[in-house]
$ cat input.txt   # compact mmCIF, C-alpha atoms and all ligand atoms
# COMPACT_ATOMS: atom_id res chain seq x y z
CA MET D 1 56.73 -24.35 -57.44
CA PRO D 2 53.58 -23.12 -55.60
CA PRO D 3 53.12 -24.29 -52.01
CA ALA D 4 51.33 -27.61 -51.59
CA ILE D 5 47.59 -27.28 -51.30
CA GLY D 6 46.13 -28.21 -47.91
CA ALA D 7 49.57 -28.20 -46.29
CA PRO D 8 52.09 -25.64 -45.09
CA PRO D 9 54.46 -24.48 -47.84
CA ALA D 10 57.18 -27.09 -48.38
CA ALA D 11 60.51 -25.37 -48.94
CA GLY D 12 63.22 -26.70 -51.19
CA LYS D 13 61.26 -29.46 -52.94
CA LEU D 14 62.09 -30.19 -56.54
CA PRO D 15 59.25 -30.04 -59.10
CA GLN D 16 57.63 -33.44 -59.55
CA PRO D 17 57.85 -35.06 -63.01
CA PRO D 18 54.50 -35.63 -64.74
CA LYS D 19 52.97 -38.86 -63.47
CA SER D 20 52.20 -41.74 -65.79
CA THR D 21 50.64 -44.05 -63.19
CA PRO D 22 48.08 -43.31 -60.47
CA THR D 23 49.33 -42.80 -56.90
CA PHE D 24 46.99 -45.49 -55.53
CA SER D 25 46.29 -48.88 -57.05
CA PRO D 26 42.64 -49.91 -57.33
CA ASP D 27 43.75 -53.25 -55.85
CA ASP D 28 44.46 -51.42 -52.59
CA VAL D 29 42.14 -48.45 -52.72
CA THR D 30 38.44 -48.57 -53.56
CA VAL D 31 37.03 -45.28 -54.80
CA LEU D 32 33.32 -44.70 -55.24
CA PHE D 33 32.39 -41.35 -56.74
CA VAL D 34 29.14 -39.91 -55.35
CA LEU D 35 27.33 -37.58 -57.74
CA GLY D 36 23.98 -35.81 -57.90
CA GLY D 37 22.71 -32.24 -58.10
CA PRO D 38 23.12 -29.82 -55.22
CA GLY D 39 20.68 -30.88 -52.50
CA ALA D 40 20.25 -34.42 -53.83
CA GLY D 41 21.40 -35.82 -50.47
CA LYS D 42 24.94 -36.96 -51.28
CA GLY D 43 26.38 -35.93 -47.92
CA THR D 44 23.51 -37.47 -45.94
CA GLN D 45 23.86 -40.80 -47.72
CA CYS D 46 27.67 -40.82 -47.42
CA ALA D 47 27.42 -40.30 -43.66
CA ARG D 48 25.31 -43.43 -43.41
CA LEU D 49 27.69 -45.51 -45.47
CA VAL D 50 30.55 -44.35 -43.25
CA SER D 51 28.88 -45.28 -39.99
CA GLU D 52 27.55 -48.62 -41.24
CA HIS D 53 30.17 -49.76 -43.76
CA GLY D 54 33.47 -48.18 -42.77
CA PHE D 55 34.10 -45.97 -45.78
CA THR D 56 36.05 -42.75 -45.45
CA HIS D 57 33.92 -39.86 -46.70
CA LEU D 58 35.69 -37.09 -48.59
CA SER D 59 33.47 -34.21 -49.69
CA ALA D 60 35.16 -32.12 -52.37
CA GLY D 61 33.01 -29.12 -51.38
CA ASP D 62 33.94 -29.48 -47.69
CA LEU D 63 37.64 -29.76 -48.56
CA LEU D 64 37.41 -26.63 -50.71
CA ARG D 65 35.61 -24.72 -47.94
CA ALA D 66 38.27 -25.79 -45.42
CA GLU D 67 41.06 -24.73 -47.78
CA GLN D 68 39.28 -21.39 -48.28
CA GLU D 69 39.40 -20.82 -44.51
CA ARG D 70 42.97 -22.06 -44.00
CA PRO D 71 45.22 -19.20 -42.93
CA GLY D 72 47.90 -18.62 -45.54
CA SER D 73 46.08 -20.42 -48.36
CA GLN D 74 46.88 -18.81 -51.68
CA PHE D 75 43.61 -20.17 -53.07
CA GLY D 76 41.18 -18.74 -50.48
CA ASP D 77 39.85 -15.84 -52.55
CA LEU D 78 39.66 -17.88 -55.72
CA ILE D 79 37.68 -20.68 -54.04
CA LYS D 80 35.34 -18.20 -52.40
CA SER D 81 34.35 -16.53 -55.65
CA TYR D 82 33.91 -19.82 -57.55
CA ILE D 83 31.69 -21.26 -54.81
CA LYS D 84 29.51 -18.16 -54.57
CA ASP D 85 28.92 -18.30 -58.33
CA GLY D 86 28.36 -22.05 -58.35
CA LEU D 87 31.30 -22.55 -60.69
CA ILE D 88 33.78 -25.42 -60.74
CA VAL D 89 37.07 -24.57 -59.05
CA PRO D 90 40.08 -25.36 -61.29
CA MET D 91 40.72 -29.08 -60.98
CA GLU D 92 44.35 -28.86 -59.83
CA VAL D 93 43.23 -27.42 -56.50
CA THR D 94 40.50 -29.96 -55.82
CA ILE D 95 42.47 -33.00 -56.97
CA GLN D 96 45.47 -32.07 -54.83
CA LEU D 97 43.21 -31.63 -51.78
CA LEU D 98 41.66 -35.04 -52.39
CA GLU D 99 44.98 -36.80 -52.96
CA ASN D 100 46.55 -35.21 -49.86
CA THR D 101 43.59 -36.24 -47.73
CA MET D 102 43.57 -39.80 -49.07
CA ALA D 103 47.30 -40.14 -48.38
CA ASP D 104 46.86 -38.72 -44.85
CA THR D 105 44.00 -41.11 -44.14
CA LEU D 106 46.03 -44.16 -45.20
CA ARG D 107 49.10 -42.95 -43.32
CA LYS D 108 47.10 -42.50 -40.11
CA ALA D 109 45.53 -45.93 -40.54
CA GLY D 110 49.00 -47.39 -41.18
CA SER D 111 47.63 -49.26 -44.19
CA ALA D 112 47.96 -49.24 -47.96
CA LYS D 113 44.34 -50.33 -48.20
CA GLY D 114 41.37 -47.97 -47.95
CA ARG D 115 37.83 -47.34 -49.12
CA PHE D 116 36.77 -43.84 -50.06
CA LEU D 117 33.47 -42.20 -50.93
CA ILE D 118 34.36 -39.13 -52.95
CA ASP D 119 31.33 -36.86 -52.71
CA GLY D 120 30.66 -34.08 -55.21
CA PHE D 121 33.51 -35.09 -57.47
CA PRO D 122 34.19 -35.27 -60.40
CA ARG D 123 31.96 -32.36 -61.36
CA LYS D 124 33.61 -31.84 -64.77
CA MET D 125 35.07 -34.22 -67.38
CA ASP D 126 38.63 -32.92 -66.99
CA GLN D 127 38.52 -33.74 -63.25
CA ALA D 128 37.32 -37.26 -63.98
CA HIS D 129 40.13 -38.04 -66.41
CA LYS D 130 42.88 -36.36 -64.41
CA PHE D 131 41.90 -38.02 -61.12
CA GLU D 132 41.71 -41.49 -62.65
CA GLU D 133 45.03 -41.02 -64.45
CA THR D 134 47.01 -39.56 -61.57
CA VAL D 135 45.32 -40.51 -58.27
CA CYS D 136 43.20 -43.65 -58.51
CA PRO D 137 40.82 -45.32 -60.96
CA ALA D 138 37.23 -45.34 -59.65
CA ARG D 139 35.28 -48.53 -59.05
CA MET D 140 31.71 -47.26 -59.36
CA VAL D 141 29.64 -44.06 -59.39
CA LEU D 142 26.63 -43.58 -57.14
CA PHE D 143 24.29 -41.10 -58.81
CA TYR D 144 21.49 -39.60 -56.72
CA ASP D 145 18.79 -38.51 -59.13
CA CYS D 146 16.49 -35.74 -57.92
CA PRO D 147 14.25 -33.12 -59.61
CA GLU D 148 15.33 -29.48 -59.26
CA ALA D 149 12.14 -28.49 -57.45
CA VAL D 150 12.88 -30.97 -54.65
CA MET D 151 16.55 -29.98 -54.45
CA GLU D 152 15.68 -26.28 -54.37
CA LYS D 153 13.28 -26.79 -51.47
CA ARG D 154 15.91 -28.75 -49.53
CA LEU D 155 18.66 -26.21 -50.16
CA LEU D 156 16.53 -23.22 -49.15
CA GLU D 157 15.62 -25.07 -45.96
CA ARG D 158 19.27 -25.94 -45.30
CA GLY D 159 20.23 -22.32 -46.04
CA LYS D 160 18.34 -21.16 -42.93
CA THR D 161 21.06 -22.73 -40.75
CA SER D 162 23.97 -23.90 -42.96
CA GLY D 163 25.82 -20.59 -43.04
CA ARG D 164 26.86 -21.49 -46.58
CA ALA D 165 27.42 -18.59 -48.97
CA ASP D 166 25.80 -20.58 -51.79
CA ASP D 167 22.56 -21.82 -50.18
CA ASN D 168 20.57 -18.81 -51.44
CA ALA D 169 18.15 -18.54 -54.38
CA GLU D 170 20.60 -16.81 -56.72
CA SER D 171 23.56 -19.15 -56.09
CA ILE D 172 21.26 -22.17 -56.22
CA ARG D 173 20.12 -21.17 -59.72
CA LYS D 174 23.74 -20.93 -60.84
CA ARG D 175 24.63 -24.27 -59.23
CA PHE D 176 21.73 -25.98 -61.05
CA ARG D 177 22.95 -24.56 -64.33
CA THR D 178 26.51 -25.77 -63.72
CA PHE D 179 25.17 -29.18 -62.78
CA VAL D 180 23.15 -29.57 -65.98
CA GLU D 181 25.78 -28.15 -68.33
CA THR D 182 29.02 -29.39 -66.78
CA SER D 183 28.40 -32.21 -64.31
CA MET D 184 25.68 -34.27 -66.02
CA PRO D 185 28.06 -35.06 -68.90
CA VAL D 186 30.28 -36.77 -66.30
CA VAL D 187 27.37 -38.94 -65.16
CA ASP D 188 26.55 -39.72 -68.80
CA TYR D 189 30.17 -40.67 -69.48
CA TYR D 190 30.29 -43.14 -66.58
CA GLU D 191 26.88 -44.46 -67.58
CA ARG D 192 28.34 -45.41 -70.96
CA GLU D 193 31.22 -47.08 -69.10
CA GLY D 194 28.65 -49.17 -67.21
CA LYS D 195 29.79 -47.80 -63.85
CA VAL D 196 26.74 -45.86 -62.67
CA ILE D 197 24.36 -46.95 -59.93
CA LYS D 198 21.40 -44.58 -60.31
CA ILE D 199 19.22 -44.08 -57.26
CA ASP D 200 15.97 -42.16 -56.91
CA ALA D 201 16.80 -39.52 -54.30
CA THR D 202 13.34 -38.08 -53.76
CA ALA D 203 12.32 -40.52 -51.00
CA SER D 204 13.16 -40.22 -47.28
CA PRO D 205 16.83 -40.61 -46.24
CA ASP D 206 16.01 -44.06 -44.78
CA LYS D 207 14.48 -45.29 -48.04
CA VAL D 208 17.28 -43.86 -50.17
CA SER D 209 19.81 -45.45 -47.84
CA ALA D 210 18.11 -48.85 -48.10
CA ALA D 211 18.07 -48.58 -51.91
CA THR D 212 21.75 -47.60 -51.91
CA LYS D 213 22.78 -50.64 -49.85
CA LYS D 214 20.69 -53.00 -51.96
CA ARG D 215 22.22 -51.75 -55.20
CA LEU D 216 25.78 -51.72 -53.83
CA THR D 217 25.34 -55.29 -52.62
CA GLU D 218 24.14 -56.35 -56.08
CA LYS D 219 27.19 -54.76 -57.72
CA LEU D 220 29.96 -55.31 -55.19
CA GLY D 221 28.78 -58.26 -53.11
CA SER D 222 27.36 -58.46 -49.60
CA SER D 223 30.60 -57.44 -47.89
CA PHE D 224 30.89 -54.15 -49.76
O1 LIG D 301 29.36 -30.34 -53.19
P1 LIG D 301 29.09 -28.98 -52.66
O2 LIG D 301 27.67 -28.53 -52.88
O3 LIG D 301 29.52 -28.82 -51.24
O4 LIG D 301 30.00 -27.99 -53.52
C1 LIG D 301 29.95 -26.60 -53.29
C2 LIG D 301 30.71 -25.86 -54.36
O5 LIG D 301 32.09 -26.23 -54.32
C3 LIG D 301 30.29 -26.14 -55.79
O6 LIG D 301 29.13 -25.43 -56.16
C4 LIG D 301 31.53 -25.65 -56.54
O7 LIG D 301 31.60 -24.24 -56.59
C5 LIG D 301 32.64 -26.15 -55.63
N1 LIG D 301 33.11 -27.48 -56.07
C6 LIG D 301 33.97 -27.57 -57.15
N2 LIG D 301 34.42 -28.79 -57.61
C7 LIG D 301 34.00 -29.92 -57.01
C8 LIG D 301 33.12 -29.87 -55.90
C9 LIG D 301 32.68 -28.63 -55.46
O8 LIG D 301 34.34 -26.54 -57.70
N3 LIG D 301 34.42 -31.10 -57.48
MG MG D 302 27.49 -31.91 -49.79
$ encode --input "input.txt" --output "C-alpha cells"
Amino acid sequence: MPPAIGAPPAAGKLPQPPKSTPTFSPDDVTVLFVLGGPGAGKGTQCARLVSEHGFTHLSAGDLLRAEQERPGSQFGDLIKSYIKDGLIVPMEVTIQLLENTMADTLRKAGSAKGRFLIDGFPRKMDQAHKFEETVCPARMVLFYDCPEAVMEKRLLERGKTSGRADDNAESIRKRFRTFVETSMPVVDYYEREGKVIKIDATASPDKVSAATKKRLTEKLGSSF
C-alpha cells in the first residue's frame, strides 16, 4: 500500500476494504463546495466566511501545494507538473488530503460536528462523485461567476507577488480551458440537483461577501 498522503508513511497497515458509506455523516458535518474560475475570488470570500461564521476553510489548491512541498512526498513532482499546466491532479491524491485534513480538524476540536468550506473542489465530475460517496455528501455549492477578462486581470495582478508557478499568462490560459471543459460540467451537474447558489463575482469583495451572506441565509437560515 502506498504511504498515506499528507502524513508520514504508516508501516504495517492492512489495505482498507472499499468503502460503501461516507466517513462523515451530513448530520454531523456540513460541507459547502466553493467553485468558480481561477481568480473568481473563492479564497477571499472563504476567508470572510471563516472569520464571521466559524467555517473551516479547506482550499484544495493550497493542500496540493503544501503536499508538493512536503519532504518525502511521493506526489511532489506529479502535483508540480499538473499545477503548472493547469490540469486536474488525479482525484485520489486530492480527496485523501481533504479527508485527512477534515479528520484532523474534528479531532483537534474534539467534536464529531464541523462545518467546512471546500474551496476549488470538486473540479471534475469523478471527484464530485467519489467525495460524496466516500467522504461526505455536500449540502450546497457556492458558485462565483466571473468573466475571464476580469479573472485574468486579477490573476496577473496577483502573480506579481503570489510566487505561484501558475499565475502567469500561459498557465492562466490553460487553467481557463480546464475550467470551461472540465469544471463547469460539475457546476452544471449541481445546478440540476438544485444545490447551486450562483453569485456575481465581478463586484468588490465587500459586495460579493454581502451577496453571499444574503443568499446563504435564504437557503440555510439566519444561523448558517
Ligand atoms: O484552486 P487553485 O487555483 O489554488 O488550484 C491550483 C491548481 O491546483 C489547479 O489549477 C489544479 O492544477 C490543481 N487542483 C486540482 N484539483 C483541485 C483543485 C486544484 O488539480 N480540486
Ligand atoms: Mg484559491
$ residues_near_ligand --input "input.txt" --ligand "ligand LIG 301 (chain D)" --cutoff "6 Å" --atoms "only C-alpha atoms and all ligand atoms" --output "list of chain:residue names"
D:Pro38, D:Ala60, D:Gly61, D:Asp62, D:Tyr82, D:Ile83, D:Gly86, D:Leu87, D:Ile88, D:Val89, D:Gly120, D:Phe121, D:Pro122, D:Arg123, D:Arg175
$ residues_near_ligand --input "input.txt" --ligand "ligand MG 302 (chain D)" --cutoff "10 Å" --atoms "only C-alpha atoms and all ligand atoms" --output "list in words"
Val34, Leu35, Gly36, Gly37, Pro38, Gly39, Ala40, Gly41, Lys42, Gly43, Thr44, Gln45, Cys46, Leu58, Ser59, Ala60, Gly61, Asp62, Asp119 and Gly120 of chain D
$ atom_distance --input "input.txt" --atom1 "atom CA of D:Cys136" --atom2 "atom CA of D:Thr23"
6.4 Å
$ closest_atom_pairs --input "input.txt" --of "stretch 15-50 of chain D" --to "stretch 95-116 of chain D" --cutoff "9 Å" --atoms "only C-alpha atoms" --output "tab-separated table"
residue	atom	partner	partner_atom	distance
D:Thr23	CA	D:Glu99	CA	8.4
D:Phe24	CA	D:Ala112	CA	8.5
D:Asp27	CA	D:Lys113	CA	8.2
D:Asp28	CA	D:Lys113	CA	4.5
D:Val29	CA	D:Gly114	CA	4.9
D:Thr30	CA	D:Arg115	CA	4.6
D:Val31	CA	D:Phe116	CA	5.0
D:Leu32	CA	D:Phe116	CA	6.3
D:Phe33	CA	D:Phe116	CA	8.4
$ residues_around --input "input.txt" --residues "stretch 78-81 of chain D" --least-positions-apart "3" --cutoff "9 Å" --atoms "only C-alpha atoms" --output "ChimeraX atom specification"
/D:64-65,67-68,74-75,84-87,89-90,165
$ residues_around --input "input.txt" --residues "D:Leu156" --least-positions-apart "3" --cutoff "9 Å" --atoms "only C-alpha atoms" --output "PyMOL selection string"
chain D and resi 151-153+159-160+167-169+172
$ write_last_selection --input "input.txt" --atoms "C-alpha atoms" --output "PDB file, in the frame of the given file"
ATOM      1  CA  MET D 151      16.550 -29.980 -54.450  1.00  0.00           C
ATOM      2  CA  GLU D 152      15.680 -26.280 -54.370  1.00  0.00           C
ATOM      3  CA  LYS D 153      13.280 -26.790 -51.470  1.00  0.00           C
ATOM      4  CA  GLY D 159      20.230 -22.320 -46.040  1.00  0.00           C
ATOM      5  CA  LYS D 160      18.340 -21.160 -42.930  1.00  0.00           C
ATOM      6  CA  ASP D 167      22.560 -21.820 -50.180  1.00  0.00           C
ATOM      7  CA  ASN D 168      20.570 -18.810 -51.440  1.00  0.00           C
ATOM      8  CA  ALA D 169      18.150 -18.540 -54.380  1.00  0.00           C
ATOM      9  CA  ILE D 172      21.260 -22.170 -56.220  1.00  0.00           C
TER      10      ILE D 172
END
$ atom_distance --input "input.txt" --atom1 "atom CA of D:His53" --atom2 "atom CA of D:Lys213"
9.6 Å
$ residues_around --input "input.txt" --residues "stretch 201-204 of chain D" --least-positions-apart "5" --cutoff "8 Å" --atoms "all atoms listed in the file" --output "PyMOL selection string"
chain D and resi 40-41+144-147+150
$ atom_distance --input "input.txt" --atom1 "atom CA of D:Phe143" --atom2 "atom CA of D:Asp200"
8.6 Å
$ closest_residue --input "input.txt" --among "D:Lys207, D:Arg154, D:Lys219, D:Arg139" --to "D:Tyr190" --atoms "all atoms listed in the file"
D:Arg139
